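Here is the file structure.cif (mmCIF, C-alpha atoms and all ligand atoms).
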data_model
#
loop_
_atom_site.label_atom_id
_atom_site.label_comp_id
_atom_site.auth_asym_id
_atom_site.auth_seq_id
_atom_site.Cartn_x
_atom_site.Cartn_y
_atom_site.Cartn_z
CA ALA A 1 -9.77 -0.97 -24.00
CA ASN A 2 -8.90 -1.56 -20.35
CA PRO A 3 -10.47 0.78 -17.81
CA SER A 4 -8.06 3.54 -16.81
CA LEU A 5 -6.89 4.59 -13.35
CA LEU A 6 -4.87 7.64 -12.36
CA ILE A 7 -3.01 7.12 -9.09
CA LEU A 8 -2.00 10.19 -7.09
CA PRO A 9 -0.17 8.97 -3.96
CA GLY A 10 0.51 12.46 -2.58
CA ASP A 11 2.41 13.09 0.65
CA GLY A 12 3.34 11.49 3.97
CA ILE A 13 1.84 8.01 4.33
CA GLY A 14 0.01 8.47 0.99
CA PRO A 15 2.75 6.75 -1.06
CA GLU A 16 3.19 4.07 1.63
CA VAL A 17 -0.45 2.96 1.64
CA MET A 18 -0.78 3.38 -2.14
CA ALA A 19 2.10 0.93 -2.69
CA GLU A 20 -0.10 -1.76 -1.14
CA VAL A 21 -3.03 -0.78 -3.38
CA ARG A 22 -0.75 -1.19 -6.42
CA ARG A 23 -0.04 -4.77 -5.32
CA VAL A 24 -3.79 -5.42 -4.95
CA ILE A 25 -4.43 -3.99 -8.44
CA ASP A 26 -1.68 -6.24 -9.85
CA TRP A 27 -3.24 -9.23 -8.08
CA PHE A 28 -6.58 -8.67 -9.82
CA GLY A 29 -4.76 -8.38 -13.17
CA ALA A 30 -2.82 -11.61 -12.66
CA ASN A 31 -5.59 -13.68 -11.05
CA ARG A 32 -8.93 -12.35 -12.24
CA GLY A 33 -8.12 -10.97 -15.69
CA LEU A 34 -9.11 -7.54 -14.41
CA THR A 35 -6.51 -5.28 -15.97
CA PHE A 36 -6.35 -1.52 -15.63
CA ASP A 37 -4.31 1.03 -17.53
CA VAL A 38 -2.62 2.61 -14.54
CA SER A 39 -0.76 5.90 -14.63
CA GLU A 40 0.76 7.69 -11.68
CA ASP A 41 1.38 11.38 -11.01
CA LEU A 42 2.07 13.95 -8.30
CA VAL A 43 -0.36 15.89 -6.13
CA GLY A 44 -0.08 18.12 -3.06
CA GLY A 45 3.30 18.91 -1.53
CA ALA A 46 5.00 16.40 -3.82
CA ALA A 47 3.69 18.29 -6.87
CA TYR A 48 4.64 21.61 -5.31
CA ASP A 49 8.23 20.39 -4.78
CA ALA A 50 8.47 19.30 -8.42
CA HIS A 51 6.46 22.00 -10.21
CA GLY A 52 5.78 24.85 -7.76
CA THR A 53 2.05 24.04 -7.87
CA PRO A 54 0.03 21.44 -5.88
CA LEU A 55 -1.58 20.20 -9.10
CA HIS A 56 0.01 20.55 -12.53
CA ASP A 57 -2.36 21.37 -15.44
CA ASP A 58 -1.28 18.15 -17.19
CA THR A 59 -2.30 16.13 -14.12
CA MET A 60 -5.65 17.92 -14.00
CA ALA A 61 -6.22 17.12 -17.68
CA LYS A 62 -5.33 13.45 -17.10
CA ALA A 63 -7.76 13.29 -14.15
CA GLN A 64 -10.56 14.49 -16.44
CA GLU A 65 -9.84 11.74 -18.97
CA VAL A 66 -9.47 8.61 -16.84
CA ASP A 67 -12.26 6.37 -15.57
CA ALA A 68 -11.26 6.90 -11.94
CA VAL A 69 -8.71 8.73 -9.80
CA LEU A 70 -7.24 7.10 -6.68
CA LEU A 71 -5.70 9.57 -4.24
CA GLY A 72 -3.57 8.91 -1.14
CA ALA A 73 -3.31 12.00 1.05
CA VAL A 74 -1.84 15.48 0.86
CA GLY A 75 -0.17 17.90 3.24
CA GLY A 76 2.36 17.93 6.03
CA PRO A 77 4.30 20.29 8.30
CA LYS A 78 6.83 21.00 5.55
CA TYR A 79 4.10 22.88 3.65
CA ASP A 80 2.26 24.57 6.52
CA ASP A 81 3.79 28.00 5.86
CA LEU A 82 3.18 28.06 2.11
CA ASP A 83 0.97 30.70 0.57
CA PHE A 84 -2.72 29.69 0.59
CA SER A 85 -2.82 29.55 -3.22
CA VAL A 86 -0.21 26.77 -3.42
CA LYS A 87 -1.03 24.79 -0.27
CA PRO A 88 -1.27 21.00 -0.83
CA GLU A 89 -5.03 21.02 -0.04
CA ARG A 90 -5.56 23.30 -3.03
CA GLY A 91 -4.58 20.42 -5.31
CA LEU A 92 -7.35 18.31 -3.83
CA LEU A 93 -9.89 21.14 -3.98
CA ARG A 94 -9.06 21.83 -7.62
CA LEU A 95 -9.65 18.18 -8.53
CA ARG A 96 -13.02 18.17 -6.73
CA LYS A 97 -14.09 21.46 -8.25
CA GLU A 98 -13.03 20.96 -11.87
CA MET A 99 -14.31 17.38 -11.96
CA ASP A 100 -17.52 18.70 -10.34
CA LEU A 101 -17.59 15.91 -7.75
CA PHE A 102 -20.88 16.78 -6.07
CA SER A 103 -21.65 13.43 -4.45
CA ASN A 104 -19.45 12.40 -1.53
CA LEU A 105 -19.81 8.78 -0.43
CA ARG A 106 -18.77 7.92 3.09
CA PRO A 107 -19.41 4.31 4.08
CA ALA A 108 -19.54 3.35 7.74
CA GLN A 109 -18.80 -0.33 7.85
CA CYS A 110 -18.02 -2.17 11.04
CA PHE A 111 -16.01 -5.35 10.70
CA ASP A 112 -16.97 -7.83 13.38
CA ALA A 113 -13.37 -8.24 14.53
CA LEU A 114 -13.15 -4.51 15.28
CA ALA A 115 -16.59 -4.00 16.87
CA ASP A 116 -15.01 -3.44 20.29
CA PHE A 117 -13.22 -0.36 18.90
CA SER A 118 -16.51 1.41 18.30
CA SER A 119 -17.72 4.18 20.59
CA LEU A 120 -20.91 2.12 20.85
CA LYS A 121 -21.82 -1.29 22.20
CA ARG A 122 -20.82 -4.26 20.04
CA GLU A 123 -24.41 -5.40 19.42
CA VAL A 124 -25.39 -1.97 18.08
CA VAL A 125 -22.58 -1.86 15.47
CA ALA A 126 -21.36 -5.39 14.68
CA GLY A 127 -21.97 -6.02 10.97
CA LEU A 128 -22.96 -2.40 10.33
CA ASP A 129 -22.72 -1.42 6.64
CA ILE A 130 -24.27 1.93 5.75
CA MET A 131 -23.42 4.66 3.27
CA ILE A 132 -23.81 8.40 3.76
CA VAL A 133 -24.13 10.39 0.54
CA ARG A 134 -23.27 14.03 1.18
CA GLU A 135 -23.86 16.81 -1.34
CA LEU A 136 -20.41 18.36 -1.68
CA THR A 137 -20.43 21.39 -3.97
CA SER A 138 -23.34 23.57 -2.87
CA GLY A 139 -25.39 24.53 0.18
CA VAL A 140 -24.50 26.78 3.08
CA TYR A 141 -20.71 26.54 2.60
CA PHE A 142 -21.04 28.23 -0.80
CA GLY A 143 -24.35 30.17 -0.87
CA GLU A 144 -24.47 33.93 -1.38
CA PRO A 145 -24.86 36.37 0.31
CA ARG A 146 -22.19 35.60 2.86
CA GLY A 147 -19.81 37.62 4.98
CA ILE A 148 -19.43 39.53 8.20
CA HIS A 149 -21.12 42.94 8.14
CA ARG A 150 -21.70 45.79 10.51
CA GLU A 151 -25.34 46.44 11.40
CA GLY A 152 -25.74 49.46 13.64
CA ASN A 153 -23.23 49.00 16.41
CA GLU A 154 -22.62 45.28 16.12
CA ARG A 155 -21.30 42.73 13.60
CA VAL A 156 -23.39 40.02 11.99
CA GLY A 157 -22.10 36.83 10.37
CA ILE A 158 -24.10 35.65 7.36
CA ASN A 159 -24.23 32.42 5.37
CA THR A 160 -26.94 31.33 2.99
CA GLN A 161 -28.26 27.83 2.51
CA ARG A 162 -29.17 27.68 -1.17
CA TYR A 163 -30.04 24.63 -3.27
CA THR A 164 -31.36 24.55 -6.81
CA GLU A 165 -33.68 21.82 -7.95
CA SER A 166 -31.05 20.38 -10.30
CA GLU A 167 -28.41 20.26 -7.54
CA ILE A 168 -30.77 18.25 -5.35
CA ALA A 169 -31.92 16.01 -8.20
CA ARG A 170 -28.42 15.00 -9.26
CA VAL A 171 -27.24 14.00 -5.79
CA ALA A 172 -30.54 12.16 -5.25
CA ARG A 173 -29.94 10.18 -8.47
CA SER A 174 -26.47 9.33 -7.29
CA ALA A 175 -27.90 7.98 -3.99
CA PHE A 176 -30.61 5.96 -5.75
CA ASP A 177 -28.07 4.48 -8.20
CA LEU A 178 -25.93 3.40 -5.24
CA ALA A 179 -28.89 1.95 -3.40
CA ARG A 180 -29.60 -0.28 -6.38
CA LYS A 181 -26.08 -1.74 -5.99
CA ARG A 182 -26.71 -2.30 -2.26
CA SER A 183 -29.94 -3.00 -0.33
CA ASN A 184 -32.20 -0.74 -2.41
CA LYS A 185 -33.09 1.54 0.51
CA VAL A 186 -32.60 5.32 0.79
CA CYS A 187 -33.31 7.63 3.72
CA SER A 188 -33.20 11.35 2.86
CA MET A 189 -32.39 13.74 5.72
CA GLU A 190 -33.14 17.48 5.95
CA LYS A 191 -35.00 19.87 8.22
CA ALA A 192 -38.16 20.47 6.18
CA ASN A 193 -39.87 21.50 9.41
CA VAL A 194 -37.84 24.71 9.71
CA MET A 195 -35.97 25.32 6.41
CA GLU A 196 -37.25 26.29 2.95
CA SER A 197 -34.31 24.52 1.32
CA GLY A 198 -35.33 21.47 3.36
CA ILE A 199 -38.88 21.59 1.98
CA LEU A 200 -37.53 21.76 -1.58
CA TRP A 201 -35.01 19.01 -0.82
CA ARG A 202 -37.76 16.65 0.36
CA GLU A 203 -40.01 17.45 -2.62
CA VAL A 204 -37.32 17.01 -5.27
CA VAL A 205 -35.94 13.77 -3.78
CA GLN A 206 -39.49 12.38 -3.76
CA GLU A 207 -40.14 13.52 -7.35
CA VAL A 208 -36.91 11.97 -8.68
CA HIS A 209 -37.79 8.79 -6.82
CA ASP A 210 -41.34 8.55 -8.15
CA ALA A 211 -40.33 9.31 -11.75
CA GLU A 212 -37.09 7.34 -12.06
CA TYR A 213 -36.52 5.02 -9.08
CA PRO A 214 -39.92 3.71 -7.90
CA ASP A 215 -38.27 0.34 -7.11
CA VAL A 216 -36.08 1.88 -4.36
CA ALA A 217 -37.59 2.13 -0.85
CA LEU A 218 -37.44 5.83 0.09
CA THR A 219 -38.05 7.37 3.52
CA HIS A 220 -37.52 10.91 4.84
CA MET A 221 -36.23 11.91 8.26
CA TYR A 222 -35.42 15.18 10.01
CA ALA A 223 -31.63 15.41 10.27
CA ASP A 224 -31.61 15.92 14.05
CA ASN A 225 -33.64 12.76 14.52
CA GLY A 226 -31.26 11.14 11.99
CA ALA A 227 -28.33 11.95 14.28
CA MET A 228 -30.13 10.26 17.18
CA GLN A 229 -31.07 7.23 15.11
CA LEU A 230 -27.49 6.84 13.82
CA VAL A 231 -26.28 6.41 17.38
CA ARG A 232 -29.33 4.51 18.70
CA ALA A 233 -29.85 1.94 15.93
CA PRO A 234 -27.59 2.59 12.90
CA LYS A 235 -28.34 -0.76 11.25
CA GLN A 236 -31.83 0.48 10.29
CA PHE A 237 -30.18 2.46 7.44
CA ASP A 238 -28.67 1.51 4.09
CA VAL A 239 -28.04 4.69 2.04
CA ILE A 240 -28.55 8.10 3.67
CA VAL A 241 -28.63 11.14 1.36
CA THR A 242 -28.28 14.62 2.78
CA ASP A 243 -26.98 18.13 2.14
CA ASN A 244 -23.45 19.46 2.55
CA LEU A 245 -23.72 20.75 6.13
CA PHE A 246 -25.76 17.92 7.64
CA GLY A 247 -23.64 15.44 5.67
CA ASP A 248 -20.43 16.88 7.09
CA VAL A 249 -21.64 16.33 10.65
CA LEU A 250 -23.53 13.06 10.15
CA SER A 251 -20.67 11.38 8.24
CA ASP A 252 -18.12 12.20 10.95
CA CYS A 253 -20.57 10.89 13.53
CA ALA A 254 -21.11 7.68 11.55
CA ALA A 255 -17.34 7.25 11.11
CA MET A 256 -16.89 6.93 14.84
CA LEU A 257 -19.33 4.02 14.94
CA THR A 258 -16.65 1.95 13.24
CA GLY A 259 -13.33 2.56 15.01
CA SER A 260 -10.05 3.66 13.42
CA LEU A 261 -9.42 6.42 10.90
CA GLY A 262 -7.05 3.97 9.21
CA MET A 263 -10.09 1.91 8.11
CA LEU A 264 -12.30 4.52 6.42
CA PRO A 265 -12.58 4.83 2.63
CA SER A 266 -14.49 7.44 0.62
CA ALA A 267 -15.52 8.29 -2.91
CA SER A 268 -16.52 11.52 -4.63
CA LEU A 269 -18.63 11.17 -7.76
CA GLY A 270 -19.70 13.57 -10.51
CA LEU A 271 -21.90 13.35 -13.56
CA PRO A 272 -21.79 10.35 -15.91
CA MET A 273 -19.15 10.56 -18.66
CA ALA A 274 -19.68 9.52 -22.30
CA ASN A 275 -18.98 5.87 -21.36
CA GLY A 276 -21.70 5.97 -18.69
CA ARG A 277 -19.27 5.86 -15.75
CA PRO A 278 -19.44 8.75 -13.29
CA LYS A 279 -16.49 11.10 -12.93
CA ALA A 280 -14.89 9.69 -9.81
CA MET A 281 -12.18 10.09 -7.22
CA TYR A 282 -11.53 7.56 -4.44
CA GLU A 283 -9.49 8.33 -1.33
CA PRO A 284 -9.08 7.32 2.29
CA VAL A 285 -10.68 9.67 4.83
CA HIS A 286 -7.41 10.04 6.75
CA GLY A 287 -4.67 12.58 6.00
CA SER A 288 -0.92 12.24 5.46
CA ALA A 289 -0.24 11.31 9.14
CA PRO A 290 3.14 13.08 9.45
CA ASP A 291 3.54 11.62 12.96
CA ILE A 292 4.02 8.12 11.53
CA ALA A 293 5.11 8.87 7.92
CA GLY A 294 8.26 7.12 6.71
CA GLN A 295 8.08 4.48 9.44
CA GLY A 296 6.27 1.76 7.48
CA LYS A 297 3.53 1.39 10.06
CA ALA A 298 0.53 3.12 8.44
CA ASN A 299 -2.62 1.04 8.00
CA PRO A 300 -3.22 0.58 4.24
CA ILE A 301 -6.80 -0.71 4.68
CA ALA A 302 -8.61 2.65 4.19
CA CYS A 303 -6.85 3.09 0.85
CA ILE A 304 -7.40 -0.55 -0.16
CA LEU A 305 -11.11 -0.27 0.68
CA SER A 306 -11.23 2.92 -1.41
CA PHE A 307 -10.06 0.82 -4.36
CA ALA A 308 -12.80 -1.72 -3.49
CA MET A 309 -15.29 1.15 -3.80
CA ALA A 310 -13.83 1.99 -7.22
CA LEU A 311 -14.34 -1.63 -8.29
CA ARG A 312 -17.98 -1.48 -7.17
CA TYR A 313 -19.06 2.02 -8.14
CA SER A 314 -16.91 2.90 -11.19
CA PHE A 315 -16.31 -0.48 -12.78
CA ASP A 316 -19.40 -2.51 -11.84
CA GLU A 317 -17.13 -5.23 -10.47
CA GLY A 318 -19.23 -5.97 -7.40
CA ALA A 319 -17.92 -9.53 -7.12
CA ALA A 320 -14.31 -8.33 -7.14
CA ALA A 321 -15.17 -5.70 -4.51
CA ASP A 322 -16.82 -8.39 -2.35
CA LEU A 323 -13.72 -10.55 -2.71
CA LEU A 324 -11.40 -7.73 -1.63
CA GLU A 325 -13.59 -6.66 1.30
CA GLY A 326 -13.84 -10.31 2.30
CA ALA A 327 -10.04 -10.60 2.30
CA VAL A 328 -9.77 -7.56 4.58
CA GLU A 329 -12.41 -9.02 6.88
CA LYS A 330 -10.61 -12.37 7.04
CA VAL A 331 -7.26 -10.78 7.87
CA LEU A 332 -8.84 -8.80 10.70
CA ALA A 333 -10.65 -11.88 11.98
CA ASP A 334 -7.28 -13.69 12.01
CA GLY A 335 -6.02 -10.99 14.39
CA VAL A 336 -3.58 -9.25 12.00
CA ARG A 337 -3.34 -5.66 13.27
CA THR A 338 -1.44 -2.53 12.36
CA ALA A 339 -0.52 -0.34 15.36
CA ASP A 340 -3.64 1.84 15.06
CA LEU A 341 -5.81 -1.28 15.53
CA MET A 342 -4.13 -2.54 18.70
CA GLY A 343 -6.29 -2.77 21.80
CA PRO A 344 -5.07 -1.73 25.25
CA ASP A 345 -4.01 -5.34 25.96
CA GLY A 346 -1.45 -4.99 23.20
CA GLY A 347 0.09 -7.69 21.05
CA THR A 348 2.58 -7.30 18.22
CA PRO A 349 1.49 -4.97 15.42
CA VAL A 350 2.42 -5.60 11.78
CA GLY A 351 3.69 -2.92 9.40
CA THR A 352 2.13 -1.55 6.21
CA THR A 353 3.76 -4.12 3.90
CA GLN A 354 2.93 -7.08 6.13
CA MET A 355 -0.72 -6.00 6.22
CA GLY A 356 -0.56 -5.90 2.41
CA ASP A 357 1.06 -9.38 2.40
CA ALA A 358 -1.73 -10.74 4.62
CA ILE A 359 -4.47 -9.30 2.38
CA LEU A 360 -2.84 -10.74 -0.75
CA ALA A 361 -2.53 -14.12 0.97
CA ALA A 362 -6.23 -13.96 1.88
CA LEU A 363 -7.06 -13.12 -1.75
CA ASP A 364 -5.00 -16.13 -2.88
CA ALA A 365 -6.84 -18.35 -0.40
CA GLY A 366 -10.30 -16.98 -1.16
P1 LIG B 1 -4.38 12.54 9.83
O1 LIG B 1 -5.56 11.79 9.35
O2 LIG B 1 -3.23 12.63 8.91
O3 LIG B 1 -3.88 11.87 11.20
C1 LIG B 1 -4.65 11.84 12.41
C2 LIG B 1 -4.13 10.70 13.34
O4 LIG B 1 -4.53 9.44 12.81
C3 LIG B 1 -2.61 10.65 13.42
O5 LIG B 1 -2.23 10.30 14.72
C4 LIG B 1 -2.23 9.58 12.44
O6 LIG B 1 -1.02 8.92 12.75
C5 LIG B 1 -3.41 8.64 12.51
N1 LIG B 1 -3.64 7.98 11.22
C6 LIG B 1 -4.20 8.54 10.11
N2 LIG B 1 -4.22 7.68 9.10
C7 LIG B 1 -3.66 6.54 9.57
C8 LIG B 1 -3.39 5.27 8.98
N3 LIG B 1 -3.70 4.99 7.69
N4 LIG B 1 -2.81 4.32 9.74
C9 LIG B 1 -2.49 4.57 11.02
N5 LIG B 1 -2.72 5.74 11.63
C10 LIG B 1 -3.30 6.72 10.91
O7 LIG B 1 -4.89 13.99 10.24
P2 LIG B 1 -4.04 15.26 10.75
O8 LIG B 1 -2.93 14.79 11.65
O9 LIG B 1 -5.03 16.20 11.27
O10 LIG B 1 -3.41 15.93 9.46
C11 LIG B 1 -2.10 15.65 8.99
C12 LIG B 1 -1.91 16.28 7.62
O11 LIG B 1 -2.80 15.66 6.67
C13 LIG B 1 -2.23 17.78 7.57
O12 LIG B 1 -1.30 18.39 6.69
C14 LIG B 1 -3.62 17.82 7.00
O13 LIG B 1 -3.87 19.03 6.33
C15 LIG B 1 -3.60 16.67 6.04
N6 LIG B 1 -4.92 16.09 5.75
C16 LIG B 1 -5.12 15.68 4.48
C17 LIG B 1 -6.30 15.07 4.13
C18 LIG B 1 -6.43 14.59 2.72
O14 LIG B 1 -5.46 14.48 2.01
N7 LIG B 1 -7.62 14.25 2.29
C19 LIG B 1 -7.39 14.87 5.09
C20 LIG B 1 -7.03 15.27 6.44
C21 LIG B 1 -5.85 15.87 6.74
MG MG B 2 -16.07 17.03 8.69
#

Mind converting the file's structure to structure tokens?
Ligand code: NAI
Ligand code: MG
Amino acid sequence: ANPSLLILPGDGIGPEVMAEVRRVIDWFGANRGLTFDVSEDLVGGAAYDAHGTPLHDDTMAKAQEVDAVLLGAVGGPKYDDLDFSVKPERGLLRLRKEMDLFSNLRPAQCFDALADFSSLKREVVAGLDIMIVRELTSGVYFGEPRGIHREGNERVGINTQRYTESEIARVARSAFDLARKRSNKVCSMEKANVMESGILWREVVQEVHDAEYPDVALTHMYADNGAMQLVRAPKQFDVIVTDNLFGDVLSDCAAMLTGSLGMLPSASLGLPMANGRPKAMYEPVHGSAPDIAGQGKANPIACILSFAMALRYSFDEGAAADLLEGAVEKVLADGVRTADLMGPDGGTPVGTTQMGDAILAALDAG
């Protein structure tokens, strides 16, 4: 059977950028014999408008069955005043929670043609290609006890950083598996110098490595030093694995090494299914961009690169992923730019569809 994909375009620019991904998927079917069983459904505000809920139970069930979910973006001003329980974001959170997507992959890849957009000097970032793996379902954002209490005559705010051995081991495995599809190098970041959970984190990552992944080069680094190193010399890294809190901060920091939000893909992975593929959802980092929605000028590259990640990490189609990333790189090198990628000296930007046209033409040529 063909591998299956559930496409959830969502709101705002979500459907606009996803339309270009559909054309890329069709291209691989027509030209590389890589055919997917694609179904499409609603999520977020679009699902709320149709069903009164940001994620219908049938859609949730479908997401659990397919090999991978591709999501556009959810939300928008139209839904800002909705009750918390039916807000568009809740659709996304339900998918992450019920699919148990504990491993969040955020690549920071700097295309040479865009190196001058980075917050850093060109020579520090040109050619950068690293991956931050963030634990997404545990840690200090979820640990108990939590709350704001009164102690004597003042209030105290409490959160608890809590990690079980199995939570650490499974995200470590996910990072090691990825490393084997890349440069076989993992750096684990925590604060074992001052945190008990950090000590356990370091021990368990090392144990999983020694028992199951001795071929992968593993190093450990304190997360504060990691932040410095990411900005000083980011190309020293390949895969970085870290907890939920440090991963939140470090992945946003790494994102800014590369330029525009319109370029950043992501993946969230869970446990392997019966067919050996991990539960998986792929989505651009950006939101629904209401300020430009409906104008045909959104950059589809973040969503297209999210599909490239699906090719690589769900379907073991590394060559197809290379081809697609190469096409994006070529188009950028040729100077094709959506408005978000225009420098101060200007030029004429292309729209969403023309960027899609250019990428398809590069695929044809390559
Ligand atoms: P946003 O990412 O939607 O937009 C931030 C800025 O970046 C805007 O100026 C936008 O025009 C620009 N931008 C974003 N993606 C772009 C693209 N592909 N091409 C060109 N320009 C792009 O974040 P914002 O404005 O904070 O949130 C807007 C809505 O999206 C809110 O309802 C928010 O809750 C939702 N959101 C949804 C996310 C998701 O679905 N995963 C993530 C972040 C926000
Ligand atoms: Mg963040």

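Considering all atoms listed in the file, the residue among A:Ala113, A:Met189, A:Met281, A:Ile13 positioned nearest to ligand LIG 1 (chain B) is A:Ile13.
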
| request: Tell me which of A:Ala321, A:Gly346, A:Glu154, A:Asp67 sits closest to Arg32 of chain A, counting all atoms listed in the file. | output: A:Ala321

| task | Name the residues, by chain letter and number, that sit within 6 Å of ligand LIG 1 (chain B) using all atoms listed in the file, and give them as number ranges by chain. | result | A: 73-76, 261-262, 286-292, 298-300, 340

| field | Nearby residues, ligand MG 2 (chain B), 8 Å, only C-alpha atoms and all ligand atoms, as a list in words | value | Asp248, Val249, Ser251 and Asp252 of chain A

Residues just named, written with C-alpha atoms as an mmCIF file, in the frame of the given file:
data_model
loop_
_atom_site.group_PDB
_atom_site.id
_atom_site.type_symbol
_atom_site.label_atom_id
_atom_site.label_comp_id
_atom_site.auth_asym_id
_atom_site.auth_seq_id
_atom_site.Cartn_x
_atom_site.Cartn_y
_atom_site.Cartn_z
ATOM 1 C CA ASP A 248 -20.430 16.880 7.090
ATOM 2 C CA VAL A 249 -21.640 16.330 10.650
ATOM 3 C CA SER A 251 -20.670 11.380 8.240
ATOM 4 C CA ASP A 252 -18.120 12.200 10.950
#

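The smallest atom-to-atom distance between Gly294 of chain A and any of A:Thr352, A:Asp100, A:Val133, A:Ala179, using all atoms listed in the file, is found for A:Thr352.
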
| task | Could you give me, as a VMD selection string, the residues that sit within 12 Å of (-32.5, -0.1, 9.2) in the file's coordinates, counting all atoms listed in the file? | result | chain A and resid 124 to 125 128 to 131 183 to 187 217 to 219 226 229 to 230 232 to 240

Could those selected residues go to a file with C-alpha atoms, as an mmCIF file, keeping the file's coordinate frame?
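File out29.cif, as written:
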data_model
loop_
_atom_site.group_PDB
_atom_site.id
_atom_site.type_symbol
_atom_site.label_atom_id
_atom_site.label_comp_id
_atom_site.auth_asym_id
_atom_site.auth_seq_id
_atom_site.Cartn_x
_atom_site.Cartn_y
_atom_site.Cartn_z
ATOM 1 C CA VAL A 124 -25.390 -1.970 18.080
ATOM 2 C CA VAL A 125 -22.580 -1.860 15.470
ATOM 3 C CA LEU A 128 -22.960 -2.400 10.330
ATOM 4 C CA ASP A 129 -22.720 -1.420 6.640
ATOM 5 C CA ILE A 130 -24.270 1.930 5.750
ATOM 6 C CA MET A 131 -23.420 4.660 3.270
ATOM 7 C CA SER A 183 -29.940 -3.000 -0.330
ATOM 8 C CA ASN A 184 -32.200 -0.740 -2.410
ATOM 9 C CA LYS A 185 -33.090 1.540 0.510
ATOM 10 C CA VAL A 186 -32.600 5.320 0.790
ATOM 11 C CA CYS A 187 -33.310 7.630 3.720
ATOM 12 C CA ALA A 217 -37.590 2.130 -0.850
ATOM 13 C CA LEU A 218 -37.440 5.830 0.090
ATOM 14 C CA THR A 219 -38.050 7.370 3.520
ATOM 15 C CA GLY A 226 -31.260 11.140 11.990
ATOM 16 C CA GLN A 229 -31.070 7.230 15.110
ATOM 17 C CA LEU A 230 -27.490 6.840 13.820
ATOM 18 C CA ARG A 232 -29.330 4.510 18.700
ATOM 19 C CA ALA A 233 -29.850 1.940 15.930
ATOM 20 C CA PRO A 234 -27.590 2.590 12.900
ATOM 21 C CA LYS A 235 -28.340 -0.760 11.250
ATOM 22 C CA GLN A 236 -31.830 0.480 10.290
ATOM 23 C CA PHE A 237 -30.180 2.460 7.440
ATOM 24 C CA ASP A 238 -28.670 1.510 4.090
ATOM 25 C CA VAL A 239 -28.040 4.690 2.040
ATOM 26 C CA ILE A 240 -28.550 8.100 3.670
#

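Surrounding residues of (-18.1, -1.5, 8.5) at most 10 Å away are Pro107, Ala108, Gln109, Cys110, Phe111, Asp112, Leu114, Ala115, Val125, Ala126, Gly127, Leu128, Asp129, Ile130, Met131, Ala255, Leu257, Thr258, Gly259, Met263, Leu264, Glu325 and Glu329 of chain A (based on all atoms listed in the file).
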
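Considering only C-alpha atoms, the residue among A:Phe117, A:Tyr213, A:Phe246, A:Phe28 positioned nearest to Asp177 of chain A is A:Tyr213.
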
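Note that atom CA of Asn193 of chain A and atom CA of Leu120 of chain A are 29.4 Å apart.
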
Report, as JSON, the axis-aligned box around all atoms of segment 25-29 of chain A present in the file, extended by 4 Å on each side; give centre and edge lengths in Å to one decimal place.
{"center_x": -4.1, "center_y": -6.6, "center_z": -10.6, "size_x": 12.9, "size_y": 13.2, "size_z": 13.1}

| said: Need the shell around Lys181 of chain A: protein/DNA/RNA residues with any atom at most 9 Å away, counting all atoms listed in the file. Skip same-chain ones fewer than 4 positions apart. Format as an NGL selection string? | reply: :A and (176-177 or 312-313 or 316 or 318)

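Of the listed residues A:Ala172, A:Ile7, A:Ala1, A:Ala227, the one whose atoms come nearest to Val208 of chain A is A:Ala172, with distances taken using all atoms listed in the file.
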
| field | Surrounding residues of Glu98 of chain A excluding itself and chain neighbours under 6 positions, 10 Å, only C-alpha atoms, as a ChimeraX atom specification | value | /A:60-61,63-64
